[in-house]
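K.L.:
Attaching a single structure in structure tokens format; questions to follow.
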Amino acid sequence: MRAPLDTERLRDGGESRLTREAWKIFQIMAEFVRGYEKLAAVEPCVSIFGSARLPEEHHWYQQTLSIAEKLSNAGFSVISGGGPGVMEAANRGAHRGTGYSIGLNIELPHEQHTNPYQDISISFEHFYSRKVMFMKYAAAYVVMPGGFGTLDELAECLTLVQTGKTRRMPIILFDSSFWGGLIDWWKSTMLVHGTINAADLDLVTVLDDPDAVVAAIFDHYEKRGFAPSAAETEALLNL
């Protein structure tokens, strides 16, 4: 028979670790509420992901700058992670255009600092509440080359769309030379072993031209408009 749990052993310096973790819920709730209040009326949006480590002169930075400015002038607000590299380029490009430039900032030990090109800036301590804001208010995702964080955000997008937890929308991988190996591995390994279906490969579009990114998003919504349907709105409430 199992012994009862002893929560007393979680005491640390007179304060229960369990109590501290329980109160953490309210901080997480506050992050969600703050994000919902600031972003609910800003639409349509495109979330752009990518490396924090790229300098301004890098061609991926410059391509992100171009994509974001084109999206902004086409009527979209642009959401980025609010930091340097691709995130800065996304906010900077959007700031040049007519749409809102939105930064979802998070404190990190090394790479993250807030870039100055944000019309709306929201700070987070928790990756998962920040990630919901990326997904919940986006009409499309543009995934630039990046590292583990970018792969994490890409996997989140794919999982939510694949499982129907959010609406079907464009997931655009920019630069075929960077993403081609990953796509090939999906086909040669994941698909072969049955861990994904052939239809799952259609969830992503790989593009190399900034103008094509904007065109692909408009093509997707041409016959339905950007606003979510009633069923999609209900799904987003439960995201």
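Order determines the names: the first chain of the structure tokens is A, the second B, and so forth; residues in each chain are numbered 1 upward, and ligands are numbered 1 upward as they are shown.
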Give one line per residue of stretch 29-49 of chain A that approaches stretch 224-227 of chain A to at most 12 Å, naming the two atoms of the closest pair and their distance in Å to one decimal, counting only C-alpha atoms; sort by chain then ascending residue number and deliver it as JSON lines.

P.N.:
```
{"residue": "A:Ala41", "atom": "CA", "partner": "A:Ala227", "partner_atom": "CA", "distance": 11.8}
{"residue": "A:Val42", "atom": "CA", "partner": "A:Ala227", "partner_atom": "CA", "distance": 11.6}
{"residue": "A:Glu43", "atom": "CA", "partner": "A:Ala227", "partner_atom": "CA", "distance": 8.5}
{"residue": "A:Pro44", "atom": "CA", "partner": "A:Phe226", "partner_atom": "CA", "distance": 6.6}
{"residue": "A:Cys45", "atom": "CA", "partner": "A:Phe226", "partner_atom": "CA", "distance": 9.4}
{"residue": "A:Val46", "atom": "CA", "partner": "A:Phe226", "partner_atom": "CA", "distance": 11.1}
```

K.L.:
Among stretch 71-214 of chain A, which ones does DSSP place in alpha helix (DSSP H), written as number ranges by chain?

P.N.:
A: 71-73, 86-96, 127-136, 148-162, 176-185, 210-214

K.L.:
Would you mind exporting C-alpha atoms of the selected residues as a tab-separated table (two decimals), in the first residue's frame?

P.N.:
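out27.tsv, freshly written:
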```
chain	number	residue	atom	x	y	z
A	71	LEU	CA	3.04	42.12	-44.76
A	72	SER	CA	2.59	45.33	-42.77
A	73	ASN	CA	1.79	47.37	-45.87
A	86	VAL	CA	15.14	37.79	-36.98
A	87	MET	CA	12.79	39.04	-34.26
A	88	GLU	CA	14.23	42.54	-34.54
A	89	ALA	CA	14.04	42.41	-38.33
A	90	ALA	CA	10.37	41.36	-38.16
A	91	ASN	CA	9.45	44.20	-35.80
A	92	ARG	CA	11.57	46.70	-37.70
A	93	GLY	CA	10.01	45.82	-41.02
A	94	ALA	CA	6.49	45.96	-39.59
A	95	HIS	CA	7.29	49.29	-37.94
A	96	ARG	CA	8.21	50.70	-41.36
A	127	PHE	CA	7.46	30.19	-22.51
A	128	TYR	CA	4.11	28.40	-22.67
A	129	SER	CA	1.92	31.45	-22.03
A	130	ARG	CA	4.01	33.42	-24.55
A	131	LYS	CA	3.67	30.61	-27.08
A	132	VAL	CA	-0.12	30.66	-26.83
A	133	MET	CA	-0.08	34.34	-27.83
A	134	PHE	CA	2.00	33.52	-30.91
A	135	MET	CA	-0.51	30.87	-31.96
A	136	LYS	CA	-3.85	32.25	-30.84
A	148	PHE	CA	16.08	25.04	-31.30
A	149	GLY	CA	13.61	27.76	-30.28
A	150	THR	CA	12.48	28.16	-33.88
A	151	LEU	CA	12.08	24.39	-34.26
A	152	ASP	CA	10.03	24.35	-31.05
A	153	GLU	CA	7.70	27.04	-32.39
A	154	LEU	CA	7.42	25.28	-35.76
A	155	ALA	CA	6.54	21.99	-34.07
A	156	GLU	CA	3.90	23.75	-31.98
A	157	CYS	CA	2.29	25.28	-35.09
A	158	LEU	CA	2.29	21.97	-36.92
A	159	THR	CA	0.87	20.06	-33.96
A	160	LEU	CA	-1.98	22.49	-33.34
A	161	VAL	CA	-3.01	22.54	-37.01
A	162	GLN	CA	-2.52	18.79	-37.48
A	176	SER	CA	14.56	25.99	-49.15
A	177	SER	CA	18.34	25.62	-48.79
A	178	PHE	CA	17.93	25.77	-45.00
A	179	TRP	CA	14.74	23.73	-44.56
A	180	GLY	CA	15.22	21.23	-47.39
A	181	GLY	CA	17.12	18.70	-45.29
A	182	LEU	CA	14.42	18.69	-42.62
A	183	ILE	CA	11.67	18.17	-45.20
A	184	ASP	CA	13.66	15.35	-46.78
A	185	TRP	CA	14.02	13.70	-43.36
A	210	PRO	CA	9.38	37.62	-49.96
A	211	ASP	CA	6.62	38.59	-52.42
A	212	ALA	CA	5.60	34.92	-52.68
A	213	VAL	CA	5.10	34.82	-48.90
A	214	VAL	CA	2.52	37.59	-48.99
```

K.L.:
I need the residue nearest A:Gly147 from this list: A:Leu104, A:Leu39, A:Gly85, A:Ser80. Use only C-alpha atoms for the distance.

P.N.:
A:Gly85

K.L.:
Just checking: using only C-alpha atoms, which residue out of A:Glu234, A:Pro145, A:Glu125, A:Ala40 ends up closest to A:Ile28?

P.N.:
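Looking only at the distances to A:Ile28, the closest residue turns out to be A:Glu125.
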
K.L.:
So, counting only C-alpha atoms, which residue among A:Arg20, A:Lys38, A:Lys187, A:His193 is closest to A:Asp119?

P.N.:
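Ranked by minimum distance to A:Asp119, first place goes to A:Lys38.
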
K.L.:
For A:Phe49, which of A:Gly146, A:Gly75, A:Gly103, A:Gly97 is the closest residue, counting only C-alpha atoms?

P.N.:
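Residue with the minimum atom-to-atom distance to A:Phe49: A:Gly146.
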
K.L.:
Which is closer to A:Phe76 than all the others in A:Tyr100, A:Ile196, A:Glu107, A:Tyr36, using only C-alpha atoms?

P.N.:
A:Tyr100

K.L.:
Can you write out as CSV which residues of stretch 66-156 of chain A fall within 10 Å of stretch 198-208 of chain A, alongside each residue's closest atom pair and its distance in Å to one decimal, counting only C-alpha atoms and ordering rows by chain and ascending residue number?

P.N.:
```
residue,atom,partner,partner_atom,distance
A:Tyr141,CA,A:Val204,CA,9.7
A:Val142,CA,A:Thr205,CA,9.7
A:Val143,CA,A:Val206,CA,9.5
A:Leu154,CA,A:Val204,CA,9.9
```

K.L.:
Identify which of the residues A:Gly83, A:Ile102, A:Ile48, A:Thr19 lies closest to A:Thr64, counting only C-alpha atoms when measuring atom-to-atom distances.

P.N.:
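The shortest atom-to-atom distance to A:Thr64 comes from A:Ile48.
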
K.L.:
Record the distance separating atom CA of A:Ala231 and atom CA of A:Ala138, expressed in Å with one decimal.

P.N.:
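One can read the atom CA of A:Ala231 to atom CA of A:Ala138 distance as 16.3 Å.
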
K.L.:
Quick one: pick out all strand (DSSP E or B) residues within stretch 2-189 of chain A from a backbone DSSP run and write them as a ChimeraX atom specification.

P.N.:
/A:11-12,15-16,45-49,77-80,101-106,120-124,138-143,171-174

K.L.:
Atom CA of A:Ile217 to atom CA of A:Ala140: how many Å, to one decimal?

P.N.:
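Going from atom CA of A:Ile217 over to atom CA of A:Ala140, I get 6.9 Å.
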